[in-house]
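Visitor: If you scroll down you'll find the structure; I have some questions about it.
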Amino acid sequence: MKFLCTDCDTAMKFKDVTRPEQGSVTALFECPDCFTEIAMYLNPSETQMLKSLDLKLGGTNEAAQPMQLVRSQLETAKGESMPDMFSSETSSAETAEGGKCPFTGVISEAFQEDTTPTEPTGPTWTAEALERLERIPAFVRPMAKMGIESFAKDNGHDEITGEVMDAARGNFPAQF
Amino acid sequence: MKTYNELPSDAGSNIVGQVTAQANRIQQRLTTIKHTVAIMSGKGGVGKSALTANLATALTLKGNTVGVVDADINGPTLAKMMGVRDATLEYTSIGVKPAVTALGTKLISMDLLLAEDDAPVLWNAHSQKDAFTWRSTMEVGALREFIADTEWGELDYLLLDLPPGTDRLPNVAELIPNLGGVVVVTIPSEVSQLIVKKSVTMARDILKVPIIGVVENMAFYVCQHCGEEEPLFSVDETLDEAFQQSLLGSIPFDPQLARANDNGTPYIDKYPDAPASRVLVQVGKKIQDFFISTV
């Protein structure tokens, strides 16, 4: 896949990828000339297809681990035959050359679903806004939520209300 | 506006590079393997796995170093047939050490990775709904890793026991572009030969993979009391003429072979004088001769 910034007629560059949330992955791409960002959403089936090909969005600098696909993806595996392949050493964001890669940490965990409970750090949602969020189709909802939160943060909103969603609506294709 | 081919790269993911790296891992591993042989049929229940286990033993007993890939990801049986079901795989920085039989044959099989006897192969996914869209791809990925990431060491022969279906050989041929040859297994029934012919066409005409020959399994039954040979299937069933020309051997049905497989005992080592053992040894020799003649 390639992405073109139609304003600049310039190839966009990969910027970041999220861990799967409800099976969906979001990849961000940026125009190196005008810095416009676009988000590519993979629905759960598309995410799963990418996993099954053992390909990493954004590429990887790390050597493949022995049987990394089977070991990370076989749900009905023997425990003792599946030692943890993602040691602290291999999940480090440091590349082999010592450089800091902004997405290596995500890539090295190879599409493992993020189930770690985290403290809320972004804006809070009102009940009305959450209800409207639920109306967004499930396969794009996580990405829409992330986009709205990003919009709220960039515009100084501590709370996401219906008005904030209206203001953010112009930035997203999904209707909510 | 620039077209696809005018854009310099795929935005940084280097998908082509990643796929090439996967192929290179296989090629690197295959450099220490002299001959790769796929055992296939297209039809289920003809005895491919039993044949593979015994051919591996026959070749090993002839002094060859032999490895086996149980390419039947969803129905793996070879770990049991070869008596290594209790083996624990050991992971190192360069690969996975395979299970090794008492005679020294190496094996990798999904059965060595599954938690319980009744555990099916189930892949992590947000949902198993619509899994048909990606499951086959995952299975090919697993097969790729079995070949590429197993520490085979120096091998004279790597045998791949393929599951039923004419679609499996193309997967293997893609993973191993220089596949040495194919052994086709059938039984003396029209139904089997109808399906097996499709597999032969796929191998010979579409994929251009050399056919080493055909093995007719369960060809007849030898009476254990009088030694007389009786047809196991209908007396009217004969091997197709095209198959007869490349016949490597006709293996008689022997209940002891089935019991040996169930017990994980190498049949031809335990019953070297049994009629089926003699044919299996002959088939192994013909496979060796095939590669000698093609050098």
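Following the order of the structure tokens, chains are lettered A, B, ..., residues in each are numbered from 1, and ligands are numbered from 1.
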Which chain B residues are at most 9 Å from chain A (counting only C-alpha atoms), as number ranges by chain?
Guide: B: 1-4, 7-15, 17-19, 21-22, 88-96, 112-116, 119-127, 129-131, 133-142, 144-146, 148-150
Visitor: At what distance in Å, to one decimal, does atom CA of A:Glu149 lie from atom CA of A:Thr36?
Guide: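 Calculated distance between atom CA of A:Thr36 and atom CA of A:Glu149 is 17.9 Å.
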Visitor: Restricting the calculation to only C-alpha atoms: of B:Ile147, B:Leu247, B:Val196, B:Leu107, which residue gets closest to B:Gln282?
Guide: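 With only C-alpha atoms as the atom set, the closest residue is B:Leu247.
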Visitor: Please compute the atom CA of B:Gly165-atom CA of B:Ile195 distance, one decimal, in Å.
Guide: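 Atom CA of B:Ile195 lies 8.7 Å from atom CA of B:Gly165.
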Visitor: Per DSSP on the backbone, filter stretch 25-223 of chain B down to the residues in alpha helix (DSSP H) and report them as a ChimeraX atom specification.
Guide: /B:25-30,48-61,78-81,135-149,168-175,190-201
Visitor: Could you state the separation of atom CA of A:Thr124 and atom CA of A:Ile136 in Å, given to one decimal place?
Guide: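 Separation between atom CA of A:Thr124 and atom CA of A:Ile136: 18.1 Å.
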Visitor: Neighbours of stretch 70-77 of chain B within 6 Å (only C-alpha atoms; same-chain residues fewer than 4 positions away dropped), as a PyMOL selection string?
Guide: chain B and resi 109-111+121+161-163
Visitor: Might you pull out every residue within 9 Å of B:Met202, with only C-alpha atoms counted and same-chain residues fewer than 5 positions away left off, and present them as a VMD selection string?
Guide: chain B and resid 166 to 167 169 to 170 197 207 to 209
Visitor: Go ahead and dump the residues you just picked, N, CA and C atoms, as a PDB file, in the first residue's frame.
Guide:
```pdb
ATOM      1  N   THR B 166      -5.645 -30.771  -3.213  1.00  0.00           N
ATOM      2  CA  THR B 166      -4.710 -30.423  -4.289  1.00  0.00           C
ATOM      3  C   THR B 166      -4.117 -29.033  -4.103  1.00  0.00           C
ATOM      4  N   ASP B 167      -4.647 -28.287  -3.134  1.00  0.00           N
ATOM      5  CA  ASP B 167      -4.161 -26.920  -2.947  1.00  0.00           C
ATOM      6  C   ASP B 167      -2.909 -26.871  -2.080  1.00  0.00           C
ATOM      7  N   LEU B 169       0.047 -28.671  -2.286  1.00  0.00           N
ATOM      8  CA  LEU B 169       1.339 -28.710  -2.970  1.00  0.00           C
ATOM      9  C   LEU B 169       1.753 -27.331  -3.494  1.00  0.00           C
ATOM     10  N   PRO B 170       0.843 -26.541  -4.088  1.00  0.00           N
ATOM     11  CA  PRO B 170       1.254 -25.201  -4.515  1.00  0.00           C
ATOM     12  C   PRO B 170       1.839 -24.365  -3.371  1.00  0.00           C
ATOM     13  N   LYS B 197      -5.285 -38.208  -9.522  1.00  0.00           N
ATOM     14  CA  LYS B 197      -4.925 -37.721 -10.871  1.00  0.00           C
ATOM     15  C   LYS B 197      -4.876 -36.188 -10.897  1.00  0.00           C
ATOM     16  N   LEU B 207       2.730 -26.991 -11.697  1.00  0.00           N
ATOM     17  CA  LEU B 207       3.842 -26.530 -10.864  1.00  0.00           C
ATOM     18  C   LEU B 207       5.203 -26.973 -11.392  1.00  0.00           C
ATOM     19  N   LYS B 208       5.198 -27.923 -12.351  1.00  0.00           N
ATOM     20  CA  LYS B 208       6.447 -28.448 -12.939  1.00  0.00           C
ATOM     21  C   LYS B 208       7.372 -29.035 -11.869  1.00  0.00           C
ATOM     22  N   VAL B 209       6.774 -29.691 -10.892  1.00  0.00           N
ATOM     23  CA  VAL B 209       7.562 -30.368  -9.853  1.00  0.00           C
ATOM     24  C   VAL B 209       7.780 -31.813 -10.302  1.00  0.00           C
TER      25      VAL B 209
END
```
Visitor: Using only C-alpha atoms for the distances, tell me which of A:Cys34, A:Ala39, A:Ala27, A:Ala168 is nearest to A:Asp154.
Guide: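 Checking each candidate against A:Asp154, we get A:Ala168 as the closest.
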